[in-house]
Amino acid sequence: MRSNTTARIARRRTFRVAAAVLTAAAALTLTACNNDEKAAGQADTAPAGSSSSSGSSGGAQGSDAKDKGGSEAGGGQDATDGAAKGGGKSKFCRTNDLIMEAVDSSPDQKVGEVTVQMTNKGAKTCSATGFAGVDLKDIDGTSAPVQRGGEQPRITDLKPGDTATFSISYEVDFSGDSLASPTNIIVTPPNETHSVSLKWPAEALKLAGPYDDKIQVHPVGIAN
């Protein structure tokens with residue numbers, strides 16, 4: 001009888017210890033879950049504004065820096081002048097800096113060619129690199145643009161007093177029936193917008209019409 005009582009007491013103690021262990025484990029698990037939920041809640045509602053506002057401020061500063069950079073670069077006219085560098089050395093020649101003249105330069109009686117000379121009358125070196133814009137004005141008052149040849153322009157920097165040239169080549173009229181009678185050459189120097197009207201050389205060979213791709217303007221180069 002005594003042994004049975006002792007066994008019952010031992011079992012009760014075992015059950016109490018097991019229950020206590022289970023209760024403690026459950027409490028620890030609940031605490032850990034609460035801590036995780038709290039941390040997650042703080043991450044969602046926190047002044048992530050601190051990192052977010054900091055990024056926003058950085059973006060604004062970046063924008064200001066960009067604006068300042070553009071402003072310091074010049075933006076309008078200065079940026080255009082800065083980009084207009086002939087071979088990275090000189091600003092492009094302005095129309096007012098050039099003395100221009102058109103002369104007959106046909107090598108023989110079979111090939112028509114007119115050369116336009118451009119002399120730098122300015123006080124600084126300038127670049128005439130590229131193709132000039134050319135229109136031919138006819139005796140009837142109409143005008144037609146001259147197409148570019150396929151050559152690659154070369155760097156053409158003109159010191160004060162230096163001369164550059166470009167040529168206009170065309171087919172010669174041998175029939176006597178051509179209605180093309182140019183009177184003037186409207187020239188716009190490379191990278192310029194202001195034009196000059198030059199007289200078509202009186203001694204130039206008769207041009208075969210019409211005004212089409214048989215007439216070509218070639219790139220500017222240093223005069224020989």
# chains A, B, ... in the order shown; residues from 1 in each chain; ligands from 1
$ closest_atom_pairs --of "segment 127-189 of chain A" --to "segment 203-212 of chain A" --cutoff "10 Å" --atoms "only C-alpha atoms" --output "Markdown table"
| residue | atom | partner | partner_atom | distance |
| --- | --- | --- | --- | --- |
| A:Asp135 | CA | A:Tyr211 | CA | 9.9 |
| A:Leu136 | CA | A:Tyr211 | CA | 8.4 |
| A:Asp138 | CA | A:Tyr211 | CA | 9.7 |
| A:Ser143 | CA | A:Tyr211 | CA | 9.1 |
| A:Ala144 | CA | A:Tyr211 | CA | 6.6 |
| A:Pro145 | CA | A:Tyr211 | CA | 8.1 |
| A:Val146 | CA | A:Asp212 | CA | 7.5 |
| A:Gln147 | CA | A:Asp212 | CA | 7.8 |
| A:Ser169 | CA | A:Leu207 | CA | 9.7 |
| A:Tyr170 | CA | A:Leu207 | CA | 6.7 |
| A:Glu171 | CA | A:Ala208 | CA | 5.6 |
| A:Val172 | CA | A:Leu207 | CA | 4.9 |
| A:Asp173 | CA | A:Ala208 | CA | 4.2 |
| A:Phe174 | CA | A:Ala208 | CA | 7.8 |
| A:Ser175 | CA | A:Ala208 | CA | 8.6 |
| A:Gly176 | CA | A:Lys206 | CA | 8.4 |
| A:Asp177 | CA | A:Ala208 | CA | 8.5 |
| A:Ser178 | CA | A:Gly209 | CA | 5.4 |
| A:Leu179 | CA | A:Gly209 | CA | 6.2 |
| A:Ala180 | CA | A:Gly209 | CA | 4.9 |
| A:Ser181 | CA | A:Leu207 | CA | 7.1 |
| A:Pro182 | CA | A:Leu207 | CA | 8.0 |
$ write_last_selection --atoms "all heavy atoms" --output "short mmCIF file (atom, residue, chain, number, x, y, z; two decimals), in the first residue's frame"
data_model
loop_
_atom_site.label_atom_id
_atom_site.label_comp_id
_atom_site.auth_asym_id
_atom_site.auth_seq_id
_atom_site.Cartn_x
_atom_site.Cartn_y
_atom_site.Cartn_z
N ASP A 135 23.61 78.24 -102.72
CA ASP A 135 22.45 78.30 -103.61
C ASP A 135 22.86 79.08 -104.85
O ASP A 135 23.62 80.06 -104.74
CB ASP A 135 21.28 79.00 -102.93
CG ASP A 135 20.64 78.14 -101.84
OD1 ASP A 135 21.24 77.99 -100.76
OD2 ASP A 135 19.54 77.63 -102.07
N LEU A 136 22.37 78.65 -105.98
CA LEU A 136 22.62 79.38 -107.22
C LEU A 136 21.36 80.15 -107.61
O LEU A 136 20.28 79.57 -107.71
CB LEU A 136 23.02 78.42 -108.35
CG LEU A 136 24.35 77.67 -108.16
CD1 LEU A 136 24.66 76.84 -109.41
CD2 LEU A 136 25.50 78.62 -107.87
N ASP A 138 19.34 82.19 -110.39
CA ASP A 138 19.29 82.25 -111.85
C ASP A 138 18.82 83.62 -112.33
O ASP A 138 18.27 84.42 -111.55
CB ASP A 138 18.34 81.17 -112.37
CG ASP A 138 18.52 80.90 -113.85
OD1 ASP A 138 19.41 80.12 -114.20
OD2 ASP A 138 17.76 81.49 -114.65
N SER A 143 16.05 80.46 -107.34
CA SER A 143 17.31 79.96 -106.79
C SER A 143 17.17 78.48 -106.47
O SER A 143 16.05 77.99 -106.21
CB SER A 143 17.72 80.73 -105.54
OG SER A 143 16.75 80.59 -104.52
N ALA A 144 18.29 77.77 -106.49
CA ALA A 144 18.28 76.32 -106.23
C ALA A 144 19.49 75.96 -105.38
O ALA A 144 20.59 76.47 -105.60
CB ALA A 144 18.32 75.55 -107.55
N PRO A 145 19.28 75.08 -104.38
CA PRO A 145 20.41 74.66 -103.53
C PRO A 145 21.34 73.72 -104.28
O PRO A 145 20.91 72.95 -105.14
CB PRO A 145 19.72 73.92 -102.37
CG PRO A 145 18.43 73.41 -102.97
CD PRO A 145 18.01 74.44 -103.97
N VAL A 146 22.62 73.80 -103.96
CA VAL A 146 23.62 72.92 -104.56
C VAL A 146 23.93 71.79 -103.59
O VAL A 146 24.17 72.03 -102.40
CB VAL A 146 24.91 73.70 -104.90
CG1 VAL A 146 25.97 72.77 -105.46
CG2 VAL A 146 24.60 74.83 -105.87
N GLN A 147 23.91 70.58 -104.09
CA GLN A 147 24.14 69.42 -103.24
C GLN A 147 25.62 69.24 -102.91
O GLN A 147 26.49 69.67 -103.66
CB GLN A 147 23.61 68.16 -103.92
CG GLN A 147 22.10 68.20 -104.16
CD GLN A 147 21.58 66.87 -104.68
OE1 GLN A 147 22.11 65.81 -104.36
NE2 GLN A 147 20.54 66.92 -105.49
N SER A 169 31.51 72.29 -108.70
CA SER A 169 31.75 71.63 -109.99
C SER A 169 30.42 71.40 -110.69
O SER A 169 29.39 71.18 -110.06
CB SER A 169 32.50 70.31 -109.78
OG SER A 169 31.74 69.43 -108.98
N TYR A 170 30.46 71.42 -112.03
CA TYR A 170 29.21 71.25 -112.78
C TYR A 170 29.51 70.77 -114.19
O TYR A 170 30.65 70.85 -114.68
CB TYR A 170 28.43 72.57 -112.82
CG TYR A 170 29.19 73.73 -113.45
CD1 TYR A 170 29.09 74.01 -114.82
CD2 TYR A 170 30.02 74.55 -112.68
CE1 TYR A 170 29.79 75.06 -115.40
CE2 TYR A 170 30.72 75.61 -113.25
CZ TYR A 170 30.60 75.86 -114.61
OH TYR A 170 31.29 76.90 -115.18
N GLU A 171 28.48 70.27 -114.83
CA GLU A 171 28.61 69.84 -116.22
C GLU A 171 28.51 71.06 -117.14
O GLU A 171 27.72 71.99 -116.89
CB GLU A 171 27.53 68.82 -116.57
CG GLU A 171 27.75 67.46 -115.93
CD GLU A 171 26.82 66.40 -116.50
OE1 GLU A 171 26.03 66.73 -117.44
OE2 GLU A 171 26.86 65.26 -116.02
N VAL A 172 29.30 71.03 -118.18
CA VAL A 172 29.33 72.15 -119.13
C VAL A 172 28.29 71.91 -120.23
O VAL A 172 28.10 70.77 -120.70
CB VAL A 172 30.74 72.30 -119.74
CG1 VAL A 172 30.76 73.44 -120.76
CG2 VAL A 172 31.76 72.53 -118.63
N ASP A 173 27.63 72.98 -120.62
CA ASP A 173 26.65 72.89 -121.71
C ASP A 173 27.35 73.06 -123.06
O ASP A 173 28.01 74.08 -123.31
CB ASP A 173 25.59 73.97 -121.54
CG ASP A 173 24.63 74.00 -122.71
OD1 ASP A 173 24.14 72.91 -123.10
OD2 ASP A 173 24.38 75.10 -123.26
N PHE A 174 27.22 72.04 -123.91
CA PHE A 174 27.80 72.10 -125.25
C PHE A 174 26.72 72.24 -126.33
O PHE A 174 27.02 72.41 -127.51
CB PHE A 174 28.64 70.85 -125.54
CG PHE A 174 29.80 70.70 -124.59
CD1 PHE A 174 29.77 69.77 -123.56
CD2 PHE A 174 30.93 71.50 -124.72
CE1 PHE A 174 30.84 69.62 -122.70
CE2 PHE A 174 32.01 71.35 -123.86
CZ PHE A 174 31.97 70.42 -122.84
N SER A 175 25.48 72.18 -125.89
CA SER A 175 24.37 72.22 -126.85
C SER A 175 23.93 73.64 -127.18
O SER A 175 23.40 73.90 -128.25
CB SER A 175 23.17 71.44 -126.29
OG SER A 175 22.61 72.14 -125.17
N GLY A 176 24.13 74.52 -126.26
CA GLY A 176 23.65 75.88 -126.45
C GLY A 176 22.18 76.04 -126.13
O GLY A 176 21.61 77.13 -126.27
N ASP A 177 21.54 74.95 -125.66
CA ASP A 177 20.11 74.98 -125.37
C ASP A 177 19.79 75.08 -123.88
O ASP A 177 18.63 75.11 -123.50
CB ASP A 177 19.43 73.72 -125.92
CG ASP A 177 19.51 73.65 -127.45
OD1 ASP A 177 19.53 74.73 -128.08
OD2 ASP A 177 19.56 72.53 -127.98
N SER A 178 20.82 75.11 -123.03
CA SER A 178 20.56 75.13 -121.58
C SER A 178 19.88 76.43 -121.17
O SER A 178 20.24 77.52 -121.62
CB SER A 178 21.87 74.97 -120.80
OG SER A 178 21.63 75.10 -119.42
N LEU A 179 18.88 76.27 -120.33
CA LEU A 179 18.16 77.43 -119.82
C LEU A 179 18.75 77.90 -118.49
O LEU A 179 18.26 78.86 -117.91
CB LEU A 179 16.67 77.10 -119.65
CG LEU A 179 15.92 76.73 -120.93
CD1 LEU A 179 14.48 76.37 -120.60
CD2 LEU A 179 15.99 77.86 -121.94
N ALA A 180 19.78 77.20 -117.98
CA ALA A 180 20.40 77.57 -116.70
C ALA A 180 21.38 78.71 -116.93
O ALA A 180 22.35 78.57 -117.67
CB ALA A 180 21.11 76.37 -116.08
N SER A 181 21.09 79.84 -116.29
CA SER A 181 21.98 81.00 -116.41
C SER A 181 22.18 81.63 -115.04
O SER A 181 21.51 82.61 -114.68
CB SER A 181 21.37 82.03 -117.39
OG SER A 181 21.22 81.48 -118.68
N PRO A 182 23.08 81.06 -114.24
CA PRO A 182 23.28 81.59 -112.89
C PRO A 182 23.88 83.00 -112.93
O PRO A 182 24.74 83.30 -113.77
CB PRO A 182 24.25 80.59 -112.25
CG PRO A 182 24.94 79.94 -113.39
CD PRO A 182 23.97 79.91 -114.52
#
$ closest_residue --among "A:Val220, A:Val187, A:Val196, A:Val103" --to "Thr115 of chain A" --atoms "only C-alpha atoms"
A:Val103
$ select_by_dssp --residues "segment 62-211 of chain A" --states "alpha helix (DSSP H)" --output "list of chain:residue names"
A:Gly62, A:Ser63, A:Asp64, A:Ala65, A:Lys66, A:Asp67, A:Lys68, A:Gly69, A:Gly70, A:Ser71, A:Glu72, A:Ala73, A:Gln77, A:Asp78, A:Ala79, A:Thr80, A:Asp81, A:Gly82, A:Ala83
$ select_by_dssp --residues "segment 161-196 of chain A" --states "strand (DSSP E or B)" --output "ChimeraX atom specification"
/A:163-172,182-188,196
